[in-house]
file work-v9.cif (mmCIF, C-alpha atoms)
data_target
loop_
_atom_site.label_atom_id
_atom_site.label_comp_id
_atom_site.auth_asym_id
_atom_site.auth_seq_id
_atom_site.Cartn_x
_atom_site.Cartn_y
_atom_site.Cartn_z
CA MET A 154 0.00 0.00 0.00
CA LEU A 155 1.71 3.18 -1.22
CA PRO A 156 1.03 6.49 0.57
CA GLU A 157 -1.96 8.36 -0.88
CA ALA A 158 -0.09 11.68 -0.99
CA PHE A 159 2.74 10.05 -2.91
CA LEU A 160 0.38 8.51 -5.48
CA LYS A 161 -1.43 11.81 -5.98
CA ARG A 162 1.83 13.61 -6.69
CA ILE A 163 3.10 10.86 -9.02
CA HIS A 164 -0.19 11.07 -10.94
CA THR A 165 0.45 14.79 -11.42
CA GLN A 166 4.05 14.11 -12.52
CA LEU A 167 3.26 11.34 -15.01
CA GLY A 168 -0.22 12.11 -16.31
CA GLU A 169 -1.12 9.50 -18.94
CA GLU A 170 1.84 7.32 -17.91
CA TYR A 171 0.55 6.91 -14.35
CA GLU A 172 -1.13 3.54 -14.93
CA ASP A 173 1.98 2.21 -16.68
CA PHE A 174 4.00 3.24 -13.63
CA LEU A 175 1.66 1.39 -11.26
CA ARG A 176 1.77 -1.75 -13.38
CA SER A 177 5.58 -1.65 -13.39
CA LEU A 178 5.58 -1.85 -9.60
CA GLU A 179 3.63 -5.11 -9.76
CA ARG A 180 6.08 -6.96 -12.00
CA PRO A 181 9.08 -8.87 -10.59
CA ARG A 182 12.15 -6.73 -9.94
CA ALA A 183 14.97 -6.80 -12.48
CA VAL A 184 18.11 -7.65 -10.50
CA ALA A 185 21.63 -6.96 -11.70
CA LEU A 186 25.30 -7.30 -10.88
CA ARG A 187 28.44 -5.53 -12.05
CA PHE A 188 31.65 -7.38 -12.86
CA ASN A 189 34.90 -6.04 -11.44
CA PRO A 190 37.57 -5.30 -14.07
CA LEU A 191 40.17 -5.03 -11.29
CA LYS A 192 39.95 -8.83 -10.89
CA GLY A 193 40.69 -9.62 -14.53
CA GLU A 194 38.64 -11.32 -17.23
CA VAL A 195 34.86 -11.56 -16.90
CA PRO A 196 33.87 -15.20 -16.22
CA GLN A 197 31.10 -17.08 -17.99
CA LEU A 198 28.43 -17.75 -15.35
CA PRO A 199 25.17 -19.60 -16.08
CA PHE A 200 22.98 -17.21 -14.08
CA VAL A 201 24.13 -14.04 -15.91
CA GLY A 202 21.82 -12.72 -18.62
CA GLN A 203 21.41 -9.58 -20.70
CA PRO A 204 23.75 -6.56 -20.34
CA VAL A 205 22.71 -3.35 -18.61
CA PRO A 206 22.71 -0.79 -21.48
CA TRP A 207 24.41 2.06 -19.63
CA GLU A 208 27.16 0.11 -17.82
CA PRO A 209 29.65 -2.03 -19.82
CA MET A 210 30.30 -4.29 -16.81
CA GLY A 211 26.64 -4.53 -15.74
CA TYR A 212 24.39 -7.55 -16.36
CA TYR A 213 20.97 -8.70 -15.27
CA TYR A 214 20.84 -12.08 -13.57
CA ASP A 215 18.38 -14.82 -12.68
CA PRO A 216 16.88 -13.78 -9.31
CA ASP A 217 16.56 -17.42 -8.24
CA SER A 218 20.32 -18.03 -8.59
CA ARG A 219 21.39 -16.22 -5.39
CA PRO A 220 24.81 -15.06 -6.68
CA GLY A 221 25.59 -13.46 -3.32
CA LEU A 222 26.30 -16.98 -2.03
CA HIS A 223 28.72 -17.84 -4.85
CA LEU A 224 32.39 -17.78 -3.83
CA TYR A 225 33.13 -15.39 -6.73
CA HIS A 226 31.13 -12.78 -4.85
CA GLU A 227 33.43 -13.12 -1.82
CA ALA A 228 36.44 -13.01 -4.15
CA GLY A 229 35.32 -9.60 -5.44
CA VAL A 230 34.65 -10.79 -8.98
CA TYR A 231 31.32 -8.95 -9.03
CA TYR A 232 29.17 -6.58 -6.97
CA LEU A 233 25.40 -6.96 -6.65
CA GLN A 234 24.02 -3.58 -7.70
CA GLU A 235 20.61 -2.44 -8.86
CA ALA A 236 20.79 -1.48 -12.55
CA SER A 237 19.49 2.08 -12.17
CA ALA A 238 22.01 2.70 -9.40
CA MET A 239 24.75 2.19 -12.00
CA ALA A 240 23.54 5.25 -13.96
CA PRO A 241 25.10 8.10 -11.90
CA VAL A 242 28.64 6.77 -12.37
CA ALA A 243 27.97 6.30 -16.07
CA LEU A 244 27.09 10.01 -16.14
CA LEU A 245 30.10 10.91 -13.98
CA ASP A 246 32.34 9.14 -16.55
CA PRO A 247 35.47 8.75 -14.37
CA GLN A 248 38.80 8.29 -16.12
CA PRO A 249 42.09 6.64 -15.10
CA GLY A 250 44.55 9.04 -13.49
CA GLU A 251 41.96 11.56 -12.28
CA ARG A 252 41.24 12.78 -8.75
CA ILE A 253 37.68 11.71 -7.90
CA CYS A 254 35.49 11.96 -4.79
CA ASP A 255 32.43 9.92 -3.86
CA LEU A 256 31.08 12.04 -1.03
CA CYS A 257 28.25 9.81 0.28
CA ALA A 258 29.78 6.47 -0.60
CA ALA A 259 28.39 3.65 1.59
CA PRO A 260 27.83 0.82 1.06
CA GLY A 261 30.25 1.12 -1.85
CA GLY A 262 28.42 0.20 -5.05
CA LYS A 263 29.11 3.45 -6.85
CA THR A 264 32.58 3.82 -5.31
CA THR A 265 33.70 0.42 -6.57
CA GLN A 266 32.11 1.18 -9.94
CA ILE A 267 34.21 4.36 -10.11
CA ALA A 268 37.31 2.41 -9.04
CA GLY A 269 36.73 -0.13 -11.80
CA ARG A 270 36.74 2.64 -14.38
CA MET A 271 39.88 4.21 -12.90
CA MET A 272 41.71 0.86 -13.17
CA GLY A 273 43.98 1.63 -10.21
CA GLU A 274 45.25 4.93 -11.61
CA GLY A 275 44.61 8.24 -9.86
CA PHE A 276 43.26 9.14 -6.42
CA LEU A 277 39.81 8.17 -5.16
CA LEU A 278 38.39 9.62 -1.95
CA CYS A 279 35.30 7.80 -0.69
CA ASN A 280 33.55 9.16 2.37
CA GLU A 281 30.67 8.11 4.60
CA TYR A 282 29.34 10.10 7.55
CA SER A 283 27.84 7.11 9.43
CA PRO A 284 30.60 5.18 11.26
CA LYS A 285 28.75 1.87 10.91
CA ARG A 286 28.16 2.33 7.20
CA ALA A 287 31.74 3.58 6.72
CA LYS A 288 33.01 0.21 7.99
CA ILE A 289 30.82 -1.59 5.43
CA LEU A 290 32.22 0.72 2.75
CA SER A 291 35.77 -0.09 3.81
CA ARG A 292 35.09 -3.84 3.68
CA ASN A 293 33.67 -3.56 0.16
CA ILE A 294 36.69 -1.53 -0.95
CA GLU A 295 38.86 -4.41 0.26
CA ARG A 296 36.68 -7.14 -1.29
CA MET A 297 36.66 -5.41 -4.68
CA ALA A 298 40.49 -5.09 -4.82
CA VAL A 299 40.59 -1.28 -4.83
CA ALA A 300 44.12 -0.04 -4.16
CA ASN A 301 43.92 3.72 -4.81
CA ALA A 302 41.15 4.73 -2.39
CA LEU A 303 41.21 6.75 0.81
CA VAL A 304 38.19 5.85 2.97
CA THR A 305 37.09 8.55 5.43
CA ASN A 306 34.31 9.02 7.98
CA GLU A 307 33.71 12.78 8.03
CA PRO A 308 30.97 15.41 7.71
CA THR A 309 31.00 16.85 4.20
CA GLU A 310 31.93 20.33 5.44
CA VAL A 311 35.19 18.98 6.85
CA LEU A 312 36.21 17.55 3.50
CA ALA A 313 35.12 20.73 1.71
CA SER A 314 37.57 22.73 3.81
CA ARG A 315 40.38 20.18 3.26
CA PHE A 316 40.01 19.73 -0.51
CA PRO A 317 39.02 23.08 -2.08
CA GLY A 318 38.93 22.95 -5.89
CA PHE A 319 40.83 19.65 -5.87
CA PHE A 320 38.78 16.94 -7.61
CA HIS A 321 38.20 16.49 -11.33
CA ARG A 322 34.90 14.75 -10.62
CA VAL A 323 32.67 14.62 -7.55
CA LEU A 324 29.67 12.35 -7.03
CA VAL A 325 26.96 13.20 -4.50
CA ASP A 326 24.60 10.23 -4.23
CA ALA A 327 22.60 11.98 -1.56
CA PRO A 328 20.55 10.47 1.26
CA CYS A 329 16.93 10.78 0.15
CA SER A 330 13.34 9.72 0.82
CA GLY A 331 13.90 6.56 -1.24
CA GLU A 332 10.73 6.61 -3.33
CA GLY A 333 12.53 4.77 -6.11
CA MET A 334 13.13 1.87 -3.71
CA PHE A 335 9.48 1.39 -2.67
CA ARG A 336 9.23 -1.89 -4.59
CA LYS A 337 12.54 -3.13 -3.16
CA GLU A 338 12.32 -2.02 0.48
CA GLU A 339 9.09 -2.00 2.52
CA ALA A 340 10.80 0.19 5.15
CA ALA A 341 11.08 2.99 2.57
CA VAL A 342 7.28 3.00 2.24
CA ALA A 343 6.72 2.95 6.00
CA ASP A 344 9.17 5.83 6.60
CA TRP A 345 7.85 8.08 3.83
CA SER A 346 6.12 11.38 4.52
CA GLN A 347 6.01 14.80 2.90
CA GLU A 348 7.87 16.14 5.92
CA ALA A 349 10.65 13.60 5.30
CA VAL A 350 10.87 14.73 1.67
CA GLU A 351 11.31 18.35 2.73
CA MET A 352 13.86 17.41 5.41
CA CYS A 353 15.87 15.43 2.86
CA ALA A 354 15.83 18.36 0.42
CA ARG A 355 17.35 20.67 3.05
CA ARG A 356 20.08 18.15 3.87
CA GLN A 357 20.78 17.57 0.19
CA GLN A 358 21.29 21.29 -0.38
CA GLU A 359 23.84 21.40 2.43
CA ILE A 360 25.77 18.42 1.09
CA LEU A 361 25.68 19.72 -2.47
CA ASN A 362 26.92 23.17 -1.41
CA ASN A 363 29.88 21.52 0.34
CA ALA A 364 30.56 19.33 -2.68
CA ALA A 365 30.70 22.38 -4.94
CA GLN A 366 33.74 23.68 -3.07
CA MET A 367 35.66 20.50 -3.88
CA VAL A 368 35.27 20.58 -7.67
CA ALA A 369 38.26 21.77 -9.71
CA PRO A 370 37.78 24.32 -12.52
CA GLY A 371 36.29 22.55 -15.52
CA GLY A 372 35.38 19.61 -13.30
CA ARG A 373 32.14 17.65 -13.23
CA LEU A 374 29.69 17.35 -10.34
CA VAL A 375 26.99 14.66 -10.51
CA TYR A 376 24.11 14.83 -8.04
CA SER A 377 21.87 11.78 -7.73
CA THR A 378 19.03 10.36 -5.64
CA CYS A 379 16.83 7.25 -5.70
CA THR A 380 13.62 9.24 -5.35
CA PHE A 381 10.97 10.73 -7.65
CA ALA A 382 10.24 13.79 -5.49
CA PRO A 383 10.81 17.03 -7.48
CA GLU A 384 11.66 18.82 -4.23
CA GLU A 385 14.69 16.53 -3.85
CA ASP A 386 15.58 16.36 -7.54
CA GLU A 387 14.94 19.24 -9.96
CA GLY A 388 14.18 21.57 -7.03
CA VAL A 389 17.52 20.95 -5.30
CA VAL A 390 19.43 21.41 -8.56
CA ALA A 391 17.59 24.61 -9.46
CA GLU A 392 18.27 26.14 -6.06
CA PHE A 393 21.90 25.03 -6.23
CA LEU A 394 22.43 26.66 -9.64
CA ALA A 395 20.84 29.89 -8.40
CA ARG A 396 23.34 29.97 -5.52
CA HIS A 397 26.33 28.85 -7.58
CA PRO A 398 26.64 30.79 -10.86
CA GLU A 399 30.04 29.16 -11.37
CA PHE A 400 28.20 25.93 -12.22
CA SER A 401 26.08 25.17 -15.27
CA PRO A 402 24.25 22.10 -16.62
CA GLU A 403 26.49 19.90 -18.75
CA SER A 404 25.15 18.03 -21.76
CA VAL A 405 26.16 14.37 -21.98
CA GLU A 406 25.09 11.49 -24.19
CA ALA A 407 22.53 9.45 -22.25
CA PRO A 408 19.88 8.08 -24.64
CA TRP A 409 18.59 5.54 -22.08
CA PHE A 410 17.28 8.16 -19.63
CA GLN A 411 14.59 10.84 -19.73
CA ALA A 412 16.24 14.26 -19.90
CA VAL A 413 14.70 16.98 -17.72
CA GLU A 414 15.67 20.56 -16.91
CA ASN A 415 19.07 21.77 -15.63
CA GLY A 416 21.14 18.82 -16.78
CA GLY A 417 18.88 16.30 -15.06
CA TYR A 418 17.93 12.76 -16.03
CA ARG A 419 15.14 10.59 -14.69
CA LEU A 420 14.97 6.80 -14.65
CA TRP A 421 11.41 5.50 -14.37
CA PRO A 422 10.68 1.80 -13.69
CA HIS A 423 8.02 1.68 -16.41
CA LYS A 424 10.53 2.82 -19.02
CA LEU A 425 13.51 0.58 -18.31
CA LEU A 426 14.57 -2.52 -16.39
CA GLY A 427 15.39 -0.97 -13.05
CA GLU A 428 14.10 1.05 -10.14
CA GLY A 429 13.65 4.83 -9.82
CA HIS A 430 16.61 7.19 -9.97
CA PHE A 431 17.49 10.81 -10.71
CA ALA A 432 20.81 12.38 -11.64
CA ALA A 433 22.01 15.80 -12.76
CA VAL A 434 25.32 16.58 -14.47
CA LEU A 435 26.87 19.96 -13.65
CA LYS A 436 30.13 21.61 -14.73
CA ARG A 437 32.23 24.11 -12.80
CA ASN A 438 33.28 27.07 -14.92
CA GLY A 439 36.32 29.08 -13.82
CA GLY A 440 37.73 29.38 -10.34
CA GLU A 441 41.08 28.28 -8.95
CA GLU A 442 42.44 24.77 -8.62
CA GLY A 443 43.17 23.88 -5.02
CA ARG A 444 46.49 22.70 -3.65
CA VAL A 445 46.32 20.03 -0.99
CA PRO A 446 49.31 18.97 1.16
CA VAL A 447 50.27 15.41 0.36
CA CYS A 448 50.97 12.67 2.85
CA PRO A 449 54.71 11.89 2.92
CA GLY A 450 55.65 8.38 1.89
CA GLY A 451 57.90 6.14 3.94
CA ARG A 452 60.32 3.34 3.15
CA LEU A 453 59.19 -0.22 2.68
CA PRO A 454 60.69 -2.42 5.44
CA LYS A 455 63.09 -5.19 4.54
CA GLU A 456 60.56 -7.77 5.76
CA TRP A 457 58.18 -6.65 3.00
CA THR A 458 60.98 -6.53 0.42
CA GLU A 459 61.97 -10.12 1.21
CA PHE A 460 58.34 -11.28 1.17
CA ALA A 461 57.58 -9.52 -2.14
CA LYS A 462 60.76 -10.85 -3.77
CA ALA A 463 59.98 -14.44 -2.75
CA LEU A 464 56.47 -14.19 -4.24
CA GLU A 465 57.42 -11.99 -7.22
CA ILE A 466 55.01 -9.23 -6.21
CA ARG A 467 55.32 -5.85 -7.95
CA LEU A 468 53.45 -2.85 -6.64
CA PRO A 469 52.13 -0.09 -8.93
CA ALA A 470 53.21 3.55 -8.65
CA GLY A 471 52.52 4.80 -5.13
CA LYS A 472 54.04 5.24 -1.70
CA ALA A 473 54.31 3.37 1.58
CA VAL A 474 52.20 4.66 4.47
CA ALA A 475 52.32 3.30 8.01
CA PHE A 476 48.82 3.40 9.50
CA GLY A 477 48.56 2.04 12.99
CA ALA A 478 50.44 -1.26 13.13
CA ASN A 479 49.83 -1.96 9.44
CA LEU A 480 51.61 -1.05 6.24
CA TYR A 481 49.62 0.37 3.31
CA TRP A 482 50.46 1.19 -0.29
CA ALA A 483 48.81 4.49 -1.17
CA PRO A 484 48.32 6.53 -4.35
CA GLU A 485 50.93 9.22 -4.99
CA GLU A 486 48.38 12.01 -4.51
CA LEU A 487 47.18 10.76 -1.13
CA SER A 488 46.60 13.86 0.97
CA GLU A 489 47.86 14.60 4.47
CA LEU A 490 45.81 12.49 6.88
CA THR A 491 46.32 14.40 10.12
CA GLY A 492 42.98 15.41 11.64
CA LEU A 493 40.88 13.13 9.42
CA ARG A 494 38.96 10.05 10.54
CA VAL A 495 40.51 7.51 8.21
CA LEU A 496 39.50 3.86 7.87
CA ARG A 497 41.75 2.90 4.97
CA PRO A 498 44.44 5.03 3.23
CA GLY A 499 45.09 2.68 0.31
CA LEU A 500 45.92 -0.97 -0.24
CA GLU A 501 46.68 -2.82 3.00
CA LEU A 502 49.87 -4.82 2.50
CA GLY A 503 50.13 -6.35 5.95
CA GLU A 504 52.10 -6.12 9.19
CA VAL A 505 55.67 -6.71 10.34
CA LYS A 506 55.65 -9.20 13.21
CA LYS A 507 58.89 -10.22 14.99
CA GLY A 508 61.06 -9.84 11.94
CA ARG A 509 58.64 -11.45 9.49
CA PHE A 510 55.91 -10.11 7.24
CA GLN A 511 52.27 -11.12 7.74
CA PRO A 512 50.36 -10.33 4.51
CA ALA A 513 46.88 -8.79 4.63
CA HIS A 514 43.76 -10.34 3.12
CA ALA A 515 43.34 -7.15 1.06
CA LEU A 516 46.67 -7.83 -0.65
CA ALA A 517 45.55 -11.35 -1.58
CA LEU A 518 42.35 -10.06 -3.16
CA TRP A 519 44.27 -7.37 -5.08
CA LEU A 520 46.79 -9.78 -6.58
CA LYS A 521 45.88 -11.52 -9.83
CA ASP A 522 48.80 -13.92 -9.54
CA CYS A 523 52.17 -14.31 -7.85
CA GLY A 524 55.21 -16.59 -7.72
CA ASN A 525 53.55 -19.21 -5.50
CA THR A 526 49.89 -20.08 -5.96
CA ALA A 527 47.54 -22.90 -4.97
CA ARG A 528 44.88 -23.02 -7.68
CA PHE A 529 41.70 -25.00 -7.13
CA ALA A 530 38.58 -25.42 -9.20
CA PRO A 531 35.74 -23.29 -7.78
CA GLU A 532 33.63 -26.40 -7.07
CA SER A 533 36.51 -28.48 -5.66
CA PRO A 534 36.32 -30.06 -2.18
CA GLU A 535 39.77 -28.60 -1.38
CA LEU A 536 38.51 -25.04 -1.91
CA ALA A 537 35.38 -25.77 0.13
CA ARG A 538 37.62 -26.95 2.97
CA TYR A 539 39.78 -23.84 2.65
CA LEU A 540 36.76 -21.51 2.86
CA HIS A 541 35.63 -23.46 5.92
CA GLY A 542 38.95 -22.71 7.62
CA ASP A 543 40.47 -26.19 7.35
CA VAL A 544 44.05 -27.24 6.63
CA ILE A 545 44.61 -28.66 3.10
CA PRO A 546 47.26 -31.19 1.97
CA TRP A 547 50.05 -29.29 0.20
CA ASP A 548 53.64 -30.23 -0.62
CA LYS A 549 55.20 -26.77 -0.94
CA LYS A 550 56.58 -24.38 1.66
CA GLY A 551 56.03 -20.68 2.30
CA TRP A 552 53.25 -18.18 1.71
CA CYS A 553 50.89 -19.15 -1.06
CA LEU A 554 48.13 -17.24 -2.87
CA VAL A 555 44.99 -19.39 -2.93
CA MET A 556 43.09 -19.15 -6.21
CA ALA A 557 39.48 -20.03 -6.98
CA GLY A 558 39.91 -20.82 -10.64
CA ASP A 559 41.38 -17.64 -12.13
CA TYR A 560 40.66 -15.43 -9.12
CA SER A 561 42.59 -14.88 -5.91
CA ILE A 562 40.63 -15.41 -2.72
CA GLY A 563 43.07 -15.53 0.23
CA TRP A 564 46.38 -16.68 1.74
CA GLY A 565 47.73 -20.00 2.91
CA LYS A 566 51.16 -20.99 4.23
CA GLY A 567 52.69 -24.33 3.36
CA ASP A 568 55.02 -26.38 5.56
CA GLY A 569 55.78 -29.09 3.01
CA ASN A 570 52.90 -31.33 4.11
CA CYS A 571 49.88 -29.09 4.37
CA LEU A 572 48.62 -25.61 3.62
CA LYS A 573 47.84 -23.76 6.84
CA ASN A 574 44.73 -21.67 6.55
CA HIS A 575 44.90 -17.84 6.67
CA TYR A 576 41.42 -17.12 5.34
CA PRO A 577 39.88 -14.51 7.72
CA LYS A 578 37.80 -16.13 10.44
CA GLY A 579 34.95 -13.69 9.97
CA LEU A 580 34.53 -14.78 6.33
CA ARG A 581 34.71 -18.54 6.80
CA ARG A 582 31.75 -20.65 5.69
#

call {"tool": "encode", "arguments": {"input": "work-v9.cif", "output": "C-alpha cells"}}
result
Amino acid sequence: MLPEAFLKRIHTQLGEEYEDFLRSLERPRAVALRFNPLKGEVPQLPFVGQPVPWEPMGYYYDPDSRPGLHLYHEAGVYYLQEASAMAPVALLDPQPGERICDLCAAPGGKTTQIAGRMMGEGFLLCNEYSPKRAKILSRNIERMAVANALVTNEPTEVLASRFPGFFHRVLVDAPCSGEGMFRKEEAAVADWSQEAVEMCARRQQEILNNAAQMVAPGGRLVYSTCTFAPEEDEGVVAEFLARHPEFSPESVEAPWFQAVENGGYRLWPHKLLGEGHFAAVLKRNGGEEGRVPVCPGGRLPKEWTEFAKALEIRLPAGKAVAFGANLYWAPEELSELTGLRVLRPGLELGEVKKGRFQPAHALALWLKDCGNTARFAPESPELARYLHGDVIPWDKKGWCLVMAGDYSIGWGKGDGNCLKNHYPKGLRR
C-alpha cells in the first residue's frame, strides 16, 4: 500500500503514464550485478543474462540463482548492484589518473564502480558520515580489490575545507526519501512522509553546497538520488544553480534516460529494467584549482621486500604509508591524513611481526597472480575446505596465494605437508 499523498503527486508528474507506472511496480524486480575489471577477465556464469545498457560491466541475472552466495562474490569478482544505481557513475564518466570523490559512498556500489573505471590509476576519496556504514564501505573496498582509495568518515563540510577545488569529478549520491526503492524495500514506504521529503531536500542542499567547493575548474559534479520527489531532484538542482553561478548544466550522451531541466535525467521503472533514480550533471566554470598537502611516503621495510621478492610481487606507482600497526600502499596524490577520521588510506599490504611479514587479506584479493599459488577449481572439495577454515594437503613451503579458478581469494602458508589456513575467520563458511 503506497502512501496516498505520494500517489497523488506521481499522478500529477506522469499524467497518462501513471497507470503504466503502477503496473511496473507489480512486476518482478529486475536484479543486476556488475563485474569487477580489477579482478581480470569476466567469467562465464550460467545465471548471468542480458547486459545493462548504460554500464559495460553490468548484467541482469536470474533472481533465483542467489549469486551473493557464490564464492566469486566473496572473491570480489562482481558486486550486486541495482541497474538504475549504475547510472550516476555512467554520467560521472570517471577516467584513469583523475582525482575523484564519492562524497556519500556507503555501502560502496558506486565507489567500486568508479574504481573499476579508474583501473587503479589516480586518487579516489570515498567518504561516509555514518561510522557503521563507513566500515561496510571499507570492507567492500577491500573485497573489490581497490588499491587507490582513501576511505574517510567525516561530515561533508570537513572535506570541503580540506580539498578546495581539488577533484576532477565529484559524485553526490545523496541520502533521500527513497521513493525509487518502494518496490525493493518495505521500510522505505513505511518511513515516507512529505515532511521527510522536505527534510531530505534541506540536507541535500547542504551536502551539495559543500561538494561544490571540492570541484576543480572545468570539473564535473553529478548529483543523484533514488527518489521521484521534485523537491529533492529538480528543485535541489535549481536552487543550487541559483546559488552557484560558477556551475552550469552539462550536456552528456545518455539516450537511455529521460532528460529533464538543468542537466537532469530521470529513470522510471516503467521505461527501463530498473528502479527509480534521478541524476544531474553539472560543470564548474572558472575558479582556482586547489592545492592540498600530500601525505609523505615512507620506506618499505626489509621484511616486505623479502616477502615480495619471494612471491614476485610488484606494486604499482605509489608510496608506503604506516597506518597504525599496518603497512599500506597508497596513491601518490594521497593527501595529508592528520585530523581526518581515516579507515583505509590505500591498499593494505600487511604487518611486520617479529622480523617477518604477515600479509593482509586485502593484498591477496588485489593480486591476480604471484610466484607461489595454490589453484583449485571453484567447485573443488579442497577449496570448500579452505573456505571453511580447514588445513589442506600441500607439498610446498612458504606463503601461497589461494586461487578459486582464475581469481585470488586468500592466503595460505605451506610447511611441506599441508597448507595452513589464513582465510579470515569472519569470512569462513

call {"tool": "axis_aligned_box", "arguments": {"input": "work-v9.cif", "around": "range 286-292 of chain A", "padding_each_side": "6 Å", "output": "lines of an AutoDock Vina configuration file"}}
result
center_x = 32.0
center_y = -0.1
center_z = 5.4
size_x = 19.6
size_y = 19.4
size_z = 17.2

call {"tool": "closest_residue", "arguments": {"input": "work-v9.cif", "among": "A:Ala340, A:Leu244, A:Ala530, A:Leu540", "to": "Met154 in chain A", "atoms": "only C-alpha atoms"}}
result
A:Ala340

call {"tool": "resolve_selection", "arguments": {"input": "work-v9.cif", "expression": "the PyMOL selection byres ((chain A and resi 576) around 9)", "output": "PyMOL selection string"}}
result
chain A and resi 514+539-542+562-565+574-575+577-581

call {"tool": "resolve_selection", "arguments": {"input": "work-v9.cif", "expression": "the PyMOL selection byres ((chain A and resi 266-270) around 7)", "output": "PyMOL selection string"}}
result
chain A and resi 189-191+242+247-249+262-265+271-273+299

call {"tool": "atom_distance", "arguments": {"input": "work-v9.cif", "atom1": "CA of Leu426 in chain A", "atom2": "CA of Val413 in chain A"}}
result
19.5 Å

call {"tool": "residues_around", "arguments": {"input": "work-v9.cif", "residues": "Phe319 in chain A", "least_positions_apart": "4", "cutoff": "10 Å", "atoms": "only C-alpha atoms", "output": "mmCIF file with C-alpha atoms, in the frame of the given file"}}
result
data_model
loop_
_atom_site.group_PDB
_atom_site.id
_atom_site.type_symbol
_atom_site.label_atom_id
_atom_site.label_comp_id
_atom_site.auth_asym_id
_atom_site.auth_seq_id
_atom_site.Cartn_x
_atom_site.Cartn_y
_atom_site.Cartn_z
ATOM 1 C CA ARG A 252 41.240 12.780 -8.750
ATOM 2 C CA ILE A 253 37.680 11.710 -7.900
ATOM 3 C CA CYS A 254 35.490 11.960 -4.790
ATOM 4 C CA ALA A 313 35.120 20.730 1.710
ATOM 5 C CA ARG A 315 40.380 20.180 3.260
ATOM 6 C CA VAL A 323 32.670 14.620 -7.550
ATOM 7 C CA GLN A 366 33.740 23.680 -3.070
ATOM 8 C CA MET A 367 35.660 20.500 -3.880
ATOM 9 C CA VAL A 368 35.270 20.580 -7.670
ATOM 10 C CA ALA A 369 38.260 21.770 -9.710
ATOM 11 C CA PRO A 370 37.780 24.320 -12.520
ATOM 12 C CA GLY A 372 35.380 19.610 -13.300
ATOM 13 C CA GLU A 441 41.080 28.280 -8.950
ATOM 14 C CA GLU A 442 42.440 24.770 -8.620
ATOM 15 C CA GLY A 443 43.170 23.880 -5.020
ATOM 16 C CA ARG A 444 46.490 22.700 -3.650
ATOM 17 C CA VAL A 445 46.320 20.030 -0.990
#

call {"tool": "atom_distance", "arguments": {"input": "work-v9.cif", "atom1": "CA of Ala300 in chain A", "atom2": "CA of Leu500 in chain A"}}
result
4.4 Å

call {"tool": "residues_near_point", "arguments": {"input": "work-v9.cif", "point": "(62.2, -5.1, 3.9)", "cutoff": "12 Å", "atoms": "all atoms listed in the file", "output": "mmCIF file with C-alpha atoms, in the frame of the given file"}}
result
data_model
loop_
_atom_site.group_PDB
_atom_site.id
_atom_site.type_symbol
_atom_site.label_atom_id
_atom_site.label_comp_id
_atom_site.auth_asym_id
_atom_site.auth_seq_id
_atom_site.Cartn_x
_atom_site.Cartn_y
_atom_site.Cartn_z
ATOM 1 C CA ARG A 452 60.320 3.340 3.150
ATOM 2 C CA LEU A 453 59.190 -0.220 2.680
ATOM 3 C CA PRO A 454 60.690 -2.420 5.440
ATOM 4 C CA LYS A 455 63.090 -5.190 4.540
ATOM 5 C CA GLU A 456 60.560 -7.770 5.760
ATOM 6 C CA TRP A 457 58.180 -6.650 3.000
ATOM 7 C CA THR A 458 60.980 -6.530 0.420
ATOM 8 C CA GLU A 459 61.970 -10.120 1.210
ATOM 9 C CA PHE A 460 58.340 -11.280 1.170
ATOM 10 C CA ALA A 461 57.580 -9.520 -2.140
ATOM 11 C CA LYS A 462 60.760 -10.850 -3.770
ATOM 12 C CA ALA A 463 59.980 -14.440 -2.750
ATOM 13 C CA ALA A 473 54.310 3.370 1.580
ATOM 14 C CA LEU A 480 51.610 -1.050 6.240
ATOM 15 C CA GLU A 504 52.100 -6.120 9.190
ATOM 16 C CA VAL A 505 55.670 -6.710 10.340
ATOM 17 C CA GLY A 508 61.060 -9.840 11.940
ATOM 18 C CA ARG A 509 58.640 -11.450 9.490
ATOM 19 C CA PHE A 510 55.910 -10.110 7.240
#

call {"tool": "residues_around", "arguments": {"input": "work-v9.cif", "residues": "Glu403 in chain A", "least_positions_apart": "2", "cutoff": "6 Å", "atoms": "all atoms listed in the file", "output": "ChimeraX atom specification"}}
result
/A:416,434-436

call {"tool": "write_last_selection", "arguments": {"input": "work-v9.cif", "atoms": "C-alpha atoms", "output": "mmCIF file, in the coordinates of the input"}}
result
data_model
loop_
_atom_site.group_PDB
_atom_site.id
_atom_site.type_symbol
_atom_site.label_atom_id
_atom_site.label_comp_id
_atom_site.auth_asym_id
_atom_site.auth_seq_id
_atom_site.Cartn_x
_atom_site.Cartn_y
_atom_site.Cartn_z
ATOM 1 C CA GLY A 416 21.140 18.820 -16.780
ATOM 2 C CA VAL A 434 25.320 16.580 -14.470
ATOM 3 C CA LEU A 435 26.870 19.960 -13.650
ATOM 4 C CA LYS A 436 30.130 21.610 -14.730
#

call {"tool": "closest_residue", "arguments": {"input": "work-v9.cif", "among": "A:Phe431, A:Trp345, A:Tyr418, A:Trp207", "to": "Glu385 in chain A", "atoms": "only C-alpha atoms"}}
result
A:Phe431

call {"tool": "atom_distance", "arguments": {"input": "work-v9.cif", "atom1": "CA of Phe410 in chain A", "atom2": "CA of Tyr376 in chain A"}}
result
15.0 Å

call {"tool": "resolve_selection", "arguments": {"input": "work-v9.cif", "expression": "the PyMOL selection byres ((chain A and resi 173-183) around 7)", "output": "PyMOL selection string"}}
result
chain A and resi 170-172+184-185+213+336+422-423+426-427

call {"tool": "closest_residue", "arguments": {"input": "work-v9.cif", "among": "A:Pro469, A:Pro398, A:Pro408, A:Pro209", "to": "Val195 in chain A", "atoms": "all atoms listed in the file"}}
result
A:Pro209

call {"tool": "residues_around", "arguments": {"input": "work-v9.cif", "residues": "Pro308 in chain A", "least_positions_apart": "5", "cutoff": "10 Å", "atoms": "all atoms listed in the file", "output": "PyMOL selection string"}}
result
chain A and resi 256-257+280-283+313+360+363
